[in-house]
Amino acid sequence: MLIYDLDFSELVEIVVAWGQPVFRAQQIWDGLYKNFWQSPDEFTNLPKVLREKLAAEIRFDIITPTLKLDSTDRQTRKTLFRLQDGRQIEAVLMRYDRRKTLCISTQVGCAMGCTFCATGQMGFTRHLSSGEIVAQVMYYARLLHDQQDVVTNIVLMGMGEPFHNYDNTMKAIDRLNAQDGYNFGARRFTVSTSGLVPAIRKFAAEKRQVNLAVSLHATENELRGSMMPINRKYDVEELIKACHEYVLATGRRITFEWALINGVNDTPEQAKKLAKLLHGLLCHVNAIPLNPTTGYEGKATTRERADIFKQVLEQNGIPCTIRIRRGIDIQAGCGQLASHTA
Ligand code: SAH
Ligand code: SF4
């Protein structure tokens with residue numbers, strides 16, 4: 001049993017089954033999510049017998065950092081973690097001005113097989129449990145807490161496809177969002193999907209306040225299908241239709257992710273087609289020059305081409321931000337570190 005896999009009600013049940021009063025569960029919960037304690041020894045407000053019971057019955061060492069890398073500008077910290085079964089995942093903290101954005105993983109590897117993605121190139125190993133997802137956040141929350149700082153945003157854009165591990169991902173978000181716990185605002189999460197249409201519909205129906213990002217990367221089925229196999233199951237038209245339904249159901253703006261690849265999807269014509277495709281949709285495009293990976297030939301676009309791409313989109317009514325690539329020197333791109341050390 002992993003401590004972060006437990007909801008408060010489950011923790012209460014366990015504590016009561018051990019013959020302890022309910023308020024002990026509240027103390028444990030506060031210790032975990034307000035003080036960021038990570039081992040039973042730290043719960044000095046509990047009776048020794050309860051601390052020992054916790055240590056014996058429940059696992060606290062869910063993820064173990066095995067490698068920590070800081071980018072040369074020290075704004076990006078990447079951590080590689082070992083799970084209980086020896087598998088590896090990674091999570092990255094990016095500091096932009098006052099923002100501290102944490103990028104976390106939802107699976108070991110990924111089944112979607114996007115050709116340009118280091119995680120996709122690894123293949124799929126397994127889903128993470130909700131507690132393994134929560135553990136990544138609590139690790140960094142503790143790290144920042146020790147520096148009198150806090151996580152401000154969480155993006156589920158590390159290894160894996162969150163909508164392929166839907167239930168555990170939502171459980172993790174709900175646990176982190178719990179008001180009497182970590183209380184991390186729903187609007188400060190962003191879930192990113194490669195376009196699993198039924199899951200987008202489900203997500204829309206749940207009307208969560210969590211932000212949605214959709215990885216698009218191409219407007220034409222032939223090109224998108226060659227980059228993202230999922231497109232052969234749910235094509236561009238179906239995907240955009242589901243995005244319209246999402247905006248209609250939630251009133252929330254969608255972010256489209258676009259990795260700019262030199263000569264592949266970064267021409268002004270492609271920007272025009274993209275603007276046309278997204279016309280009338282409450283959205284925003286996040287374009288990021290490709291992070292090159294060993295298993296894919298494509299190269300990053302140039303600054304000039306990226307600027308033109310953005311200009312064309314905006315002239316055609318679609319807001320666009322060009323994201324600077326961060327942490328390239330520490331292989332902070334999706335899945336890159338784990339694949340280099342596997
Ligand atoms: N599986 C989800 C979330 C994880 S990937 C998804 O695909 O949306 C997070 C983002 O990184 C996605 O937009 C993905 O397309 C992008 N990405 C993957 N490999 C990349 C690379 N080599 N360079 C730039 N972006 C990449
Ligand atoms: Fe999976 Fe996202 Fe990578 Fe595609 S881009 S292989 S969906 S992690």
# chains A, B, ... in the order shown; residues from 1 in each chain; ligands from 1
call {"tool": "residues_near_ligand", "arguments": {"ligand": "ligand 1", "cutoff": "6 Å", "atoms": "only C-alpha atoms and all ligand atoms", "output": "PDB file with C-alpha atoms, in the first residue's frame"}}
result
ATOM      1  CA  PHE A 116       9.143  12.613 -32.582  1.00  0.00           C
ATOM      2  CA  CYS A 117       8.748  11.881 -28.868  1.00  0.00           C
ATOM      3  CA  MET A 157       3.068  16.703 -19.860  1.00  0.00           C
ATOM      4  CA  GLY A 158       5.822  14.414 -18.682  1.00  0.00           C
ATOM      5  CA  MET A 159       6.027  10.769 -19.724  1.00  0.00           C
ATOM      6  CA  GLY A 160       2.801   9.158 -20.796  1.00  0.00           C
ATOM      7  CA  GLU A 161      -0.666   9.912 -22.122  1.00  0.00           C
ATOM      8  CA  SER A 192      -2.327  17.385 -22.198  1.00  0.00           C
ATOM      9  CA  THR A 193      -3.609  14.744 -24.600  1.00  0.00           C
ATOM     10  CA  SER A 194      -2.504  13.481 -27.974  1.00  0.00           C
ATOM     11  CA  VAL A 214      -4.378  19.044 -27.177  1.00  0.00           C
ATOM     12  CA  SER A 215      -1.241  18.048 -29.080  1.00  0.00           C
ATOM     13  CA  GLU A 257       0.382  22.221 -28.768  1.00  0.00           C
ATOM     14  CA  ALA A 259       6.086  21.253 -32.007  1.00  0.00           C
ATOM     15  CA  LEU A 290      11.058  20.576 -31.616  1.00  0.00           C
ATOM     16  CA  ASN A 291      13.318  19.118 -28.993  1.00  0.00           C
ATOM     17  CA  PRO A 292      15.446  16.779 -31.116  1.00  0.00           C
ATOM     18  CA  THR A 293      15.516  13.126 -30.046  1.00  0.00           C
ATOM     19  CA  CYS A 334       9.512  14.628 -22.581  1.00  0.00           C
TER      20      CYS A 334
END
call {"tool": "residues_around", "arguments": {"residues": "A:Arg201", "least_positions_apart": "6", "cutoff": "10 Å", "atoms": "only C-alpha atoms", "output": "compact mmCIF listing (two decimals) with N, CA, C and O atoms, in the first residue's frame"}}
result
# COMPACT_ATOMS: atom_id res chain seq x y z
N ALA A 242 -14.59 17.19 -31.36
CA ALA A 242 -14.63 16.95 -29.91
C ALA A 242 -14.16 18.20 -29.15
O ALA A 242 -14.67 18.50 -28.06
N CYS A 243 -13.21 18.92 -29.74
CA CYS A 243 -12.72 20.15 -29.09
C CYS A 243 -13.82 21.21 -29.04
O CYS A 243 -13.99 21.91 -28.04
N GLU A 245 -16.99 20.57 -28.93
CA GLU A 245 -17.93 20.11 -27.90
C GLU A 245 -17.41 20.45 -26.51
O GLU A 245 -18.18 20.84 -25.63
N TYR A 246 -16.10 20.31 -26.34
CA TYR A 246 -15.49 20.62 -25.04
C TYR A 246 -15.70 22.09 -24.68
O TYR A 246 -16.12 22.43 -23.58
N ALA A 249 -19.30 22.78 -23.87
CA ALA A 249 -19.73 22.23 -22.59
C ALA A 249 -19.13 22.97 -21.40
O ALA A 249 -19.76 23.10 -20.36
call {"tool": "closest_residue", "arguments": {"among": "A:Lys233, A:Gly251, A:Glu220, A:Gly123", "to": "ligand 2", "atoms": "only C-alpha atoms and all ligand atoms"}}
result
A:Gly123
call {"tool": "residues_around", "arguments": {"residues": "stretch 41-55 of chain A", "least_positions_apart": "5", "cutoff": "12 Å", "atoms": "only C-alpha atoms", "output": "list of chain:residue names"}}
result
A:Met1, A:Leu2, A:Ile3, A:Leu11, A:Ile14, A:Val15, A:Val16, A:Ala17, A:Trp18, A:Gly19, A:Gln20, A:Pro21, A:Phe23, A:Arg24, A:Ala25, A:Gln26, A:Gln27, A:Ile28, A:Trp29, A:Asp30, A:Gly31, A:Leu32, A:Asn35, A:Phe36, A:Phe60, A:Asp61
call {"tool": "residues_around", "arguments": {"residues": "A:Tyr33", "least_positions_apart": "4", "cutoff": "12 Å", "atoms": "only C-alpha atoms", "output": "number ranges by chain"}}
result
A: 3-4, 7-8, 26-29, 37-38, 134-135, 137-139, 141-142, 145, 175-184
call {"tool": "atom_distance", "arguments": {"atom1": "atom CA of A:Gly263", "atom2": "atom CA of A:Asn221"}}
result
17.1 Å
call {"tool": "residues_around", "arguments": {"residues": "A:Arg82", "least_positions_apart": "4", "cutoff": "12 Å", "atoms": "only C-alpha atoms", "output": "PyMOL selection string"}}
result
chain A and resi 61-67+86-91+108+132+135-136+338+341-342
call {"tool": "select_by_dssp", "arguments": {"residues": "stretch 104-262 of chain A", "states": "strand (DSSP E)", "output": "list in words"}}
result
Gln107, Val108, Gly109, Phe124, Thr125, Arg126, His127, Asn153, Ile154, Val155, Leu156, Phe189, Thr190, Val191, Ser192, Thr193, Asn211, Leu212, Ala213, Val214, Ser215, Ile254, Thr255, Phe256, Glu257, Trp258, Ala259 and Leu260 of chain A
call {"tool": "closest_residue", "arguments": {"among": "A:Thr119, A:Thr301, A:Gln75, A:Ser39", "to": "ligand 2", "atoms": "only C-alpha atoms and all ligand atoms"}}
result
A:Thr119
call {"tool": "atom_distance", "arguments": {"atom1": "atom 2 (Fe, counted along the ligand's line) of ligand 2", "atom2": "atom CA of A:Met112"}}
result
6.8 Å
call {"tool": "residues_around", "arguments": {"residues": "stretch 266-278 of chain A", "least_positions_apart": "5", "cutoff": "8 Å", "atoms": "only C-alpha atoms", "output": "ChimeraX atom specification"}}
result
/A:218-219,240,260-261,283,301,305-306,308-310,312-313,316-318
call {"tool": "select_by_dssp", "arguments": {"residues": "stretch 41-285 of chain A", "states": "alpha helix (DSSP H)", "output": "ChimeraX atom specification"}}
result
/A:48-57,118-122,130-145,166-177,197-206,221-227,236-250,268-278
call {"tool": "write_last_selection", "arguments": {"atoms": "C-alpha atoms", "output": "short mmCIF file (atom, residue, chain, number, x, y, z; two decimals), in the first residue's frame"}}
result
data_model
loop_
_atom_site.label_atom_id
_atom_site.label_comp_id
_atom_site.auth_asym_id
_atom_site.auth_seq_id
_atom_site.Cartn_x
_atom_site.Cartn_y
_atom_site.Cartn_z
CA LYS A 48 5.40 6.07 18.58
CA VAL A 49 3.28 2.94 18.15
CA LEU A 50 1.30 4.59 15.35
CA ARG A 51 4.45 5.79 13.63
CA GLU A 52 5.79 2.25 13.77
CA LYS A 53 2.53 0.87 12.42
CA LEU A 54 2.68 3.34 9.53
CA ALA A 55 6.26 2.39 8.77
CA ALA A 56 5.43 -1.32 8.85
CA GLU A 57 2.16 -1.29 6.91
CA ALA A 118 11.39 10.24 -26.69
CA THR A 119 8.71 8.61 -24.51
CA GLY A 120 6.83 7.36 -27.55
CA GLN A 121 10.05 5.83 -28.85
CA MET A 122 10.36 3.83 -25.60
CA SER A 130 -2.63 7.90 -8.53
CA GLY A 131 -0.19 7.84 -5.61
CA GLU A 132 2.83 7.64 -7.91
CA ILE A 133 1.54 10.73 -9.71
CA VAL A 134 0.85 12.56 -6.42
CA ALA A 135 4.31 11.59 -5.10
CA GLN A 136 6.06 13.56 -7.85
CA VAL A 137 4.20 16.71 -6.82
CA MET A 138 4.80 16.23 -3.11
CA TYR A 139 8.51 15.68 -3.74
CA TYR A 140 8.83 19.06 -5.44
CA ALA A 141 6.41 20.74 -3.03
CA ARG A 142 8.77 19.74 -0.23
CA LEU A 143 11.83 20.89 -2.14
CA LEU A 144 10.31 24.32 -2.80
CA HIS A 145 8.88 24.55 0.72
CA TYR A 166 -7.69 8.49 -17.12
CA ASP A 167 -8.95 7.30 -13.76
CA ASN A 168 -5.64 7.40 -11.92
CA THR A 169 -4.83 10.80 -13.40
CA MET A 170 -8.14 12.29 -12.27
CA LYS A 171 -7.84 10.66 -8.85
CA ALA A 172 -4.39 12.23 -8.45
CA ILE A 173 -5.71 15.65 -9.48
CA ASP A 174 -8.65 15.34 -7.08
CA ARG A 175 -6.40 14.33 -4.21
CA LEU A 176 -4.04 17.25 -4.84
CA ASN A 177 -7.04 19.55 -5.19
CA VAL A 197 -11.47 11.62 -28.51
CA PRO A 198 -13.71 9.54 -26.19
CA ALA A 199 -11.67 10.71 -23.19
CA ILE A 200 -11.96 14.35 -24.31
CA ARG A 201 -15.74 13.87 -24.38
CA LYS A 202 -15.72 12.29 -20.94
CA PHE A 203 -13.53 15.10 -19.60
CA ALA A 204 -15.90 17.69 -21.11
CA ALA A 205 -18.93 15.99 -19.52
CA GLU A 206 -17.26 16.13 -16.10
CA ASN A 221 -4.43 13.54 -41.65
CA GLU A 222 -1.62 12.17 -43.74
CA LEU A 223 1.09 14.15 -41.99
CA ARG A 224 -0.48 13.91 -38.53
CA GLY A 225 -1.01 10.17 -38.95
CA SER A 226 2.65 9.73 -39.87
CA MET A 227 3.74 11.58 -36.72
CA VAL A 236 -8.21 15.61 -37.28
CA GLU A 237 -11.86 16.31 -38.11
CA GLU A 238 -13.14 14.12 -35.30
CA LEU A 239 -10.63 15.62 -32.89
CA ILE A 240 -11.57 19.21 -33.70
CA LYS A 241 -15.24 18.31 -33.43
CA ALA A 242 -14.63 16.95 -29.91
CA CYS A 243 -12.72 20.15 -29.09
CA HIS A 244 -15.74 22.25 -30.13
CA GLU A 245 -17.93 20.11 -27.90
CA TYR A 246 -15.49 20.62 -25.04
CA VAL A 247 -15.54 24.40 -25.37
CA LEU A 248 -19.32 24.40 -25.69
CA ALA A 249 -19.73 22.23 -22.59
CA THR A 250 -17.20 24.00 -20.38
CA PRO A 268 3.32 29.97 -43.51
CA GLU A 269 0.88 27.84 -45.57
CA GLN A 270 0.58 25.40 -42.69
CA ALA A 271 -0.01 28.27 -40.28
CA LYS A 272 -2.84 29.45 -42.54
CA LYS A 273 -4.37 25.99 -42.66
CA LEU A 274 -4.14 25.77 -38.91
CA ALA A 275 -5.88 29.13 -38.46
CA LYS A 276 -8.64 27.92 -40.76
CA LEU A 277 -9.03 24.65 -38.89
CA LEU A 278 -9.26 26.42 -35.54
#
call {"tool": "closest_residue", "arguments": {"among": "A:Thr321, A:Thr79, A:Gln209, A:Thr125", "to": "ligand 2", "atoms": "only C-alpha atoms and all ligand atoms"}}
result
A:Thr125
call {"tool": "atom_distance", "arguments": {"atom1": "atom CA of A:Ala111", "atom2": "atom CA of A:Arg252"}}
result
28.0 Å
call {"tool": "closest_residue", "arguments": {"among": "A:Asn262, A:Gly195, A:Asn286, A:Leu216", "to": "A:Phe163", "atoms": "only C-alpha atoms"}}
result
A:Gly195
